[in-house]
Amino acid sequence: MRFWLKDFEHNISPATWEAADLLCQSGSVRNLREIEPHFWVASVNTADGNFETEVIITTHRIKAYACECFTPGRRLMCAHIAATLLKLRQFLEQRAEEKRAKAEAARSNEISRLTVQSVLEHASHEALEAFVRDYARRDRDFGLALKTWFAGSVTESGNPFLLVLDSVIPKSMPTKGYRDPDFRRIRKALDGLEAQLEKYDSDRDFRSVFLVSTAILNRILPLQAKSEGNRQEALAYFTRLALDKLTRNSASELSPELRENIWEFIFSLGENGLLTTELVRPALRFLSDKESYPTKREEIRDHFDRTLFPAQPFLLHLFLVSLSRHKLPGSVIRVLEDYTEVPERIRLALLELYYLEQWDTTIEAGQHFLKAGIFEGRYRQEMEDILLIIAEKSGKNDLRVQLLKDRFLQTGRTDVYYKLREAAGAGWDTIRQELTQLLADKDAGQQLAFLHAAEGQLVELAALIEKEHSVPFLQRYEQYFFEENPGFIVQQYIRLLSDYLEDHFGTPAAIYVRQQLTELWQKGKPELAISVSGRLVAAFPDRLYLAEELKELQPGRKRKFILP
């Protein structure tokens, strides 16, 4: 897509334009220069670093641009490029102005100045009206600005701001989207409506706020859904603004009729599936507000009861949030139990309750369905993570301890163990004893060994190592005995490797024994490895390959085993 330099900001998002404007005003765009005809480069200095930008401009049309911040495949204009283009436009305008000033200076100095104010003071009302009519016919932008600014004074139409947008939105969207001139007119109309919206909001003119906001949402939401990239982001800004203006005022400030109209309008958008993903949550929060709309609970329930099963997500979530806000978590669970065959519906509903800060209901329903086992794999972990976050944020430490304990029993993860110990505080001894018993009952040797090791219970850990009778198991926990009881390590290696040699023979068996004892060398305990080697050689004197292999463990020319 190629934009004109004079109005490229109409094709980028307001957020990008605002950031670019700040960069330009703060002097962050430096060393702007034309290194080849039409090829300009600049350096944009930001808090995140300096970014080299490149733009190609021919006859004031943007042909191409690139920035050091671009990632592979990026196409949308960044704030650095936009700031460079703004600086370049200012430079070109200043250069053109200087040329005009020189040309005027060369002409006669007898030209008198005529101000707009002096013209308005002397022109008749009829002449001004005729001029405005004629100029609006010849200049579409002026005509659009005129209609947008004075649309509110047209009382014959139900919503004149709808007519403003209808006048700039083509009747049908081409496959490749609207042409640049068409989209620029849409943006200009929206910019004008935004100015009107801010003015009405400042004047507390709630009826006009309603008219402008509903016009934007009615006409721009369908257009936004069919747009892409910068255009979609630009349109999303105006739909967010319109919904915010509709829902931000206290219900007590509005007339009963207007309050009802706002609620019904937003509900109809959600029911008809017109709300974008980012607008659904604020809409649900507004529609379920029991303080502002205490009588709407029954109406929401009636809508839900009349809908076919399965209910569409928006209506289902609205009903659940309404029940939650009226302190009915049991009802939320009963409604969701109808969807146990579709766990994804339950998951999305609980996520919505969580993000709308209906935490008590999320906890009760989440624990219910976790216990029912409808979530598996990563979705189960996701739900447990949500409950942990709620427990931490809301100060429900007992719940946090229980969730962490259950997760440690399931996974044995060390990070979960340390979080559990920190959360348990003074009650840790009781929980540790409970964990020890539970792990022993289910014969979870690895988790139990970690618990003994982390708690410094070497006697219990040694007994467990003997019970497991496994070289890898011994090697995982042997470091806890290096200082306290090295003889235990030697004893276990001799026992385990002797048992192995009873059933295995030849070079492969000797190599295996050497590889296991190499672990002790690598952990800085060569004396233990040599001690075990000497005892094994003495215990199996007929194994010639064993003696040869184990000599490889000892560096140096003279290698002697430490015999018992």
# chains A, B, ... in the order shown; residues from 1 in each chain; ligands from 1
$ residues_around --residues "Gln381 in chain A" --least-positions-apart "2" --cutoff "12 Å" --atoms "only C-alpha atoms" --output "PyMOL selection string"
chain A and resi 347+366+370+373+375-379+383-388+403-404+406-407+410-411
$ select_by_dssp --residues "range 416-537 of chain A" --states "alpha helix (DSSP H)" --output "PDB file with C-alpha atoms, in the first residue's frame"
ATOM      1  CA  VAL A 416       6.562 -25.967  43.591  1.00  0.00           C
ATOM      2  CA  TYR A 417       8.103 -27.462  46.748  1.00  0.00           C
ATOM      3  CA  TYR A 418       9.898 -24.216  47.668  1.00  0.00           C
ATOM      4  CA  LYS A 419       6.785 -22.138  46.985  1.00  0.00           C
ATOM      5  CA  LEU A 420       4.772 -24.511  49.180  1.00  0.00           C
ATOM      6  CA  ARG A 421       7.272 -24.300  52.034  1.00  0.00           C
ATOM      7  CA  GLU A 422       7.266 -20.503  51.844  1.00  0.00           C
ATOM      8  CA  ALA A 423       3.453 -20.327  51.749  1.00  0.00           C
ATOM      9  CA  ALA A 424       3.027 -22.790  54.638  1.00  0.00           C
ATOM     10  CA  TRP A 428       5.233 -26.357  57.403  1.00  0.00           C
ATOM     11  CA  ASP A 429       6.102 -29.197  59.825  1.00  0.00           C
ATOM     12  CA  THR A 430       2.543 -30.495  59.757  1.00  0.00           C
ATOM     13  CA  ILE A 431       2.341 -30.277  55.968  1.00  0.00           C
ATOM     14  CA  ARG A 432       5.754 -31.926  55.555  1.00  0.00           C
ATOM     15  CA  GLN A 433       4.661 -34.880  57.674  1.00  0.00           C
ATOM     16  CA  GLU A 434       1.450 -35.165  55.679  1.00  0.00           C
ATOM     17  CA  LEU A 435       3.380 -35.062  52.385  1.00  0.00           C
ATOM     18  CA  THR A 436       5.828 -37.691  53.624  1.00  0.00           C
ATOM     19  CA  GLN A 437       3.005 -40.062  54.491  1.00  0.00           C
ATOM     20  CA  LEU A 438       1.126 -39.480  51.235  1.00  0.00           C
ATOM     21  CA  LEU A 439       4.254 -40.007  49.121  1.00  0.00           C
ATOM     22  CA  ALA A 440       5.141 -43.144  51.056  1.00  0.00           C
ATOM     23  CA  ASP A 441       1.618 -44.508  50.607  1.00  0.00           C
ATOM     24  CA  GLY A 445      10.294 -42.810  45.667  1.00  0.00           C
ATOM     25  CA  GLN A 446      11.765 -39.928  43.680  1.00  0.00           C
ATOM     26  CA  GLN A 447       9.488 -37.283  45.223  1.00  0.00           C
ATOM     27  CA  LEU A 448       9.983 -38.704  48.696  1.00  0.00           C
ATOM     28  CA  ALA A 449      13.762 -38.752  48.243  1.00  0.00           C
ATOM     29  CA  PHE A 450      13.756 -35.121  47.138  1.00  0.00           C
ATOM     30  CA  LEU A 451      11.668 -34.184  50.188  1.00  0.00           C
ATOM     31  CA  HIS A 452      14.087 -35.968  52.550  1.00  0.00           C
ATOM     32  CA  ALA A 453      17.079 -34.364  50.824  1.00  0.00           C
ATOM     33  CA  ALA A 454      15.638 -30.847  50.873  1.00  0.00           C
ATOM     34  CA  LEU A 458      19.693 -38.117  55.704  1.00  0.00           C
ATOM     35  CA  VAL A 459      18.711 -41.167  57.768  1.00  0.00           C
ATOM     36  CA  GLU A 460      15.372 -41.417  55.968  1.00  0.00           C
ATOM     37  CA  LEU A 461      17.051 -40.664  52.623  1.00  0.00           C
ATOM     38  CA  ALA A 462      19.647 -43.421  53.181  1.00  0.00           C
ATOM     39  CA  ALA A 463      16.916 -45.928  53.984  1.00  0.00           C
ATOM     40  CA  LEU A 464      15.060 -44.988  50.818  1.00  0.00           C
ATOM     41  CA  ILE A 465      18.216 -45.338  48.692  1.00  0.00           C
ATOM     42  CA  GLU A 466      18.780 -48.816  50.092  1.00  0.00           C
ATOM     43  CA  LYS A 467      15.181 -49.709  49.370  1.00  0.00           C
ATOM     44  CA  GLU A 468      15.250 -48.459  45.772  1.00  0.00           C
ATOM     45  CA  VAL A 471      22.558 -46.860  40.740  1.00  0.00           C
ATOM     46  CA  PRO A 472      20.853 -43.833  39.033  1.00  0.00           C
ATOM     47  CA  PHE A 473      18.800 -43.265  42.192  1.00  0.00           C
ATOM     48  CA  LEU A 474      21.975 -43.355  44.313  1.00  0.00           C
ATOM     49  CA  GLN A 475      23.824 -41.005  41.962  1.00  0.00           C
ATOM     50  CA  ARG A 476      21.001 -38.472  42.066  1.00  0.00           C
ATOM     51  CA  TYR A 477      21.266 -38.037  45.852  1.00  0.00           C
ATOM     52  CA  PRO A 486      31.010 -40.976  52.673  1.00  0.00           C
ATOM     53  CA  GLY A 487      31.245 -44.561  53.883  1.00  0.00           C
ATOM     54  CA  PHE A 488      27.575 -45.016  53.055  1.00  0.00           C
ATOM     55  CA  ILE A 489      28.267 -44.055  49.434  1.00  0.00           C
ATOM     56  CA  VAL A 490      31.144 -46.530  49.165  1.00  0.00           C
ATOM     57  CA  GLN A 491      29.000 -49.257  50.715  1.00  0.00           C
ATOM     58  CA  GLN A 492      26.119 -48.653  48.323  1.00  0.00           C
ATOM     59  CA  TYR A 493      28.312 -48.621  45.197  1.00  0.00           C
ATOM     60  CA  ILE A 494      29.954 -51.889  46.243  1.00  0.00           C
ATOM     61  CA  ARG A 495      26.567 -53.487  46.924  1.00  0.00           C
ATOM     62  CA  LEU A 496      24.918 -52.288  43.713  1.00  0.00           C
ATOM     63  CA  LEU A 497      27.854 -52.936  41.365  1.00  0.00           C
ATOM     64  CA  SER A 498      28.595 -56.337  42.932  1.00  0.00           C
ATOM     65  CA  ASP A 499      25.013 -57.363  42.289  1.00  0.00           C
ATOM     66  CA  TYR A 500      25.423 -56.188  38.709  1.00  0.00           C
ATOM     67  CA  LEU A 501      28.659 -58.166  38.203  1.00  0.00           C
ATOM     68  CA  GLU A 502      27.036 -61.328  39.495  1.00  0.00           C
ATOM     69  CA  ASP A 503      24.823 -61.355  36.395  1.00  0.00           C
ATOM     70  CA  GLY A 506      33.267 -59.607  30.128  1.00  0.00           C
ATOM     71  CA  THR A 507      34.324 -56.244  28.779  1.00  0.00           C
ATOM     72  CA  PRO A 508      30.794 -54.707  28.589  1.00  0.00           C
ATOM     73  CA  ALA A 509      30.269 -55.337  32.306  1.00  0.00           C
ATOM     74  CA  ALA A 510      33.667 -53.846  33.167  1.00  0.00           C
ATOM     75  CA  ILE A 511      32.995 -50.761  31.047  1.00  0.00           C
ATOM     76  CA  TYR A 512      29.617 -50.268  32.724  1.00  0.00           C
ATOM     77  CA  VAL A 513      31.221 -50.371  36.208  1.00  0.00           C
ATOM     78  CA  ARG A 514      33.909 -47.870  35.151  1.00  0.00           C
ATOM     79  CA  GLN A 515      31.292 -45.495  33.709  1.00  0.00           C
ATOM     80  CA  GLN A 516      29.312 -45.523  36.951  1.00  0.00           C
ATOM     81  CA  LEU A 517      32.384 -44.775  39.088  1.00  0.00           C
ATOM     82  CA  THR A 518      33.391 -41.982  36.699  1.00  0.00           C
ATOM     83  CA  GLU A 519      30.443 -40.063  38.179  1.00  0.00           C
ATOM     84  CA  LEU A 520      32.312 -39.827  41.487  1.00  0.00           C
ATOM     85  CA  TRP A 521      35.422 -38.500  39.749  1.00  0.00           C
ATOM     86  CA  GLN A 522      33.404 -35.864  37.970  1.00  0.00           C
ATOM     87  CA  PRO A 526      38.189 -39.579  43.326  1.00  0.00           C
ATOM     88  CA  GLU A 527      39.118 -41.169  46.669  1.00  0.00           C
ATOM     89  CA  LEU A 528      35.668 -42.730  46.895  1.00  0.00           C
ATOM     90  CA  ALA A 529      35.875 -44.057  43.332  1.00  0.00           C
ATOM     91  CA  ILE A 530      39.325 -45.579  43.991  1.00  0.00           C
ATOM     92  CA  SER A 531      38.110 -47.153  47.216  1.00  0.00           C
ATOM     93  CA  VAL A 532      35.140 -48.776  45.490  1.00  0.00           C
ATOM     94  CA  SER A 533      37.382 -49.898  42.591  1.00  0.00           C
ATOM     95  CA  GLY A 534      39.832 -51.641  44.923  1.00  0.00           C
ATOM     96  CA  ARG A 535      37.110 -53.531  46.731  1.00  0.00           C
ATOM     97  CA  LEU A 536      35.452 -54.648  43.516  1.00  0.00           C
ATOM     98  CA  VAL A 537      38.754 -55.905  42.059  1.00  0.00           C
TER      99      VAL A 537
END
$ atom_distance --atom1 "CA of Glu257 in chain A" --atom2 "CA of Ala215 in chain A"
18.1 Å
$ closest_residue --among "A:His303, A:Lys523, A:Arg133, A:Lys327" --to "Phe482 in chain A" --atoms "only C-alpha atoms"
A:Lys523
$ atom_distance --atom1 "CA of Asn159 in chain A" --atom2 "CA of Arg207 in chain A"
10.5 Å
$ residues_around --residues "range 37-54 of chain A" --least-positions-apart "5" --cutoff "6 Å" --atoms "only C-alpha atoms" --output "JSON, numbers by chain"
{"A": [28, 29, 30, 31, 32, 65, 66, 67, 68]}
$ closest_residue --among "A:Phe3, A:Gln90, A:Ser394, A:Arg74" --to "Arg61 in chain A" --atoms "only C-alpha atoms"
A:Phe3
$ decode --residues "range 382-495 of chain A" --atoms "C-alpha atoms" --output "short mmCIF file (atom, residue, chain, number, x, y, z; two decimals), in the first residue's frame"
data_model
loop_
_atom_site.label_atom_id
_atom_site.label_comp_id
_atom_site.auth_asym_id
_atom_site.auth_seq_id
_atom_site.Cartn_x
_atom_site.Cartn_y
_atom_site.Cartn_z
CA GLU A 382 -3.86 -23.55 33.23
CA MET A 383 -6.87 -23.79 35.56
CA GLU A 384 -4.66 -24.60 38.54
CA ASP A 385 -2.43 -21.63 37.67
CA ILE A 386 -5.47 -19.34 37.59
CA LEU A 387 -6.62 -20.54 41.00
CA LEU A 388 -3.10 -20.03 42.37
CA ILE A 389 -3.02 -16.47 41.03
CA ILE A 390 -6.41 -15.72 42.59
CA ALA A 391 -5.33 -17.25 45.91
CA GLU A 392 -2.18 -15.13 45.94
CA LYS A 393 -3.84 -11.87 44.88
CA SER A 394 -6.81 -12.25 47.24
CA GLY A 395 -4.76 -13.41 50.23
CA LYS A 396 -6.39 -16.86 50.43
CA ASN A 397 -3.28 -18.56 51.74
CA ASP A 398 -5.00 -21.78 52.82
CA LEU A 399 -6.20 -22.28 49.25
CA ARG A 400 -2.73 -21.49 47.89
CA VAL A 401 -1.13 -24.05 50.23
CA GLN A 402 -3.65 -26.73 49.21
CA LEU A 403 -3.15 -26.08 45.49
CA LEU A 404 0.64 -26.12 45.79
CA LYS A 405 0.52 -29.31 47.85
CA ASP A 406 -1.65 -31.03 45.23
CA ARG A 407 0.65 -29.89 42.44
CA PHE A 408 3.77 -31.12 44.25
CA LEU A 409 2.14 -34.49 44.80
CA GLN A 410 1.29 -34.64 41.09
CA THR A 411 4.57 -33.37 39.63
CA GLY A 412 7.28 -33.42 42.30
CA ARG A 413 8.65 -30.15 40.88
CA THR A 414 11.29 -28.49 43.04
CA ASP A 415 10.02 -24.95 42.37
CA VAL A 416 6.56 -25.97 43.59
CA TYR A 417 8.10 -27.46 46.75
CA TYR A 418 9.90 -24.22 47.67
CA LYS A 419 6.78 -22.14 46.99
CA LEU A 420 4.77 -24.51 49.18
CA ARG A 421 7.27 -24.30 52.03
CA GLU A 422 7.27 -20.50 51.84
CA ALA A 423 3.45 -20.33 51.75
CA ALA A 424 3.03 -22.79 54.64
CA GLY A 425 5.13 -20.70 57.01
CA ALA A 426 4.75 -21.86 60.61
CA GLY A 427 2.54 -24.77 59.55
CA TRP A 428 5.23 -26.36 57.40
CA ASP A 429 6.10 -29.20 59.83
CA THR A 430 2.54 -30.49 59.76
CA ILE A 431 2.34 -30.28 55.97
CA ARG A 432 5.75 -31.93 55.56
CA GLN A 433 4.66 -34.88 57.67
CA GLU A 434 1.45 -35.16 55.68
CA LEU A 435 3.38 -35.06 52.38
CA THR A 436 5.83 -37.69 53.62
CA GLN A 437 3.01 -40.06 54.49
CA LEU A 438 1.13 -39.48 51.24
CA LEU A 439 4.25 -40.01 49.12
CA ALA A 440 5.14 -43.14 51.06
CA ASP A 441 1.62 -44.51 50.61
CA LYS A 442 1.75 -44.12 46.85
CA ASP A 443 5.37 -45.35 46.70
CA ALA A 444 6.61 -42.15 45.04
CA GLY A 445 10.29 -42.81 45.67
CA GLN A 446 11.77 -39.93 43.68
CA GLN A 447 9.49 -37.28 45.22
CA LEU A 448 9.98 -38.70 48.70
CA ALA A 449 13.76 -38.75 48.24
CA PHE A 450 13.76 -35.12 47.14
CA LEU A 451 11.67 -34.18 50.19
CA HIS A 452 14.09 -35.97 52.55
CA ALA A 453 17.08 -34.36 50.82
CA ALA A 454 15.64 -30.85 50.87
CA GLU A 455 14.73 -31.23 54.56
CA GLY A 456 18.16 -32.66 55.48
CA GLN A 457 16.67 -36.00 56.63
CA LEU A 458 19.69 -38.12 55.70
CA VAL A 459 18.71 -41.17 57.77
CA GLU A 460 15.37 -41.42 55.97
CA LEU A 461 17.05 -40.66 52.62
CA ALA A 462 19.65 -43.42 53.18
CA ALA A 463 16.92 -45.93 53.98
CA LEU A 464 15.06 -44.99 50.82
CA ILE A 465 18.22 -45.34 48.69
CA GLU A 466 18.78 -48.82 50.09
CA LYS A 467 15.18 -49.71 49.37
CA GLU A 468 15.25 -48.46 45.77
CA HIS A 469 18.47 -50.43 45.03
CA SER A 470 19.26 -48.38 41.90
CA VAL A 471 22.56 -46.86 40.74
CA PRO A 472 20.85 -43.83 39.03
CA PHE A 473 18.80 -43.26 42.19
CA LEU A 474 21.97 -43.35 44.31
CA GLN A 475 23.82 -41.00 41.96
CA ARG A 476 21.00 -38.47 42.07
CA TYR A 477 21.27 -38.04 45.85
CA GLU A 478 24.82 -39.14 46.72
CA GLN A 479 26.13 -35.59 47.09
CA TYR A 480 24.13 -35.18 50.31
CA PHE A 481 26.37 -37.83 51.95
CA PHE A 482 29.79 -36.73 50.70
CA GLU A 483 30.60 -34.79 53.88
CA GLU A 484 28.32 -36.44 56.44
CA ASN A 485 28.66 -40.13 55.60
CA PRO A 486 31.01 -40.98 52.67
CA GLY A 487 31.24 -44.56 53.88
CA PHE A 488 27.57 -45.02 53.06
CA ILE A 489 28.27 -44.06 49.43
CA VAL A 490 31.14 -46.53 49.16
CA GLN A 491 29.00 -49.26 50.72
CA GLN A 492 26.12 -48.65 48.32
CA TYR A 493 28.31 -48.62 45.20
CA ILE A 494 29.95 -51.89 46.24
CA ARG A 495 26.57 -53.49 46.92
#
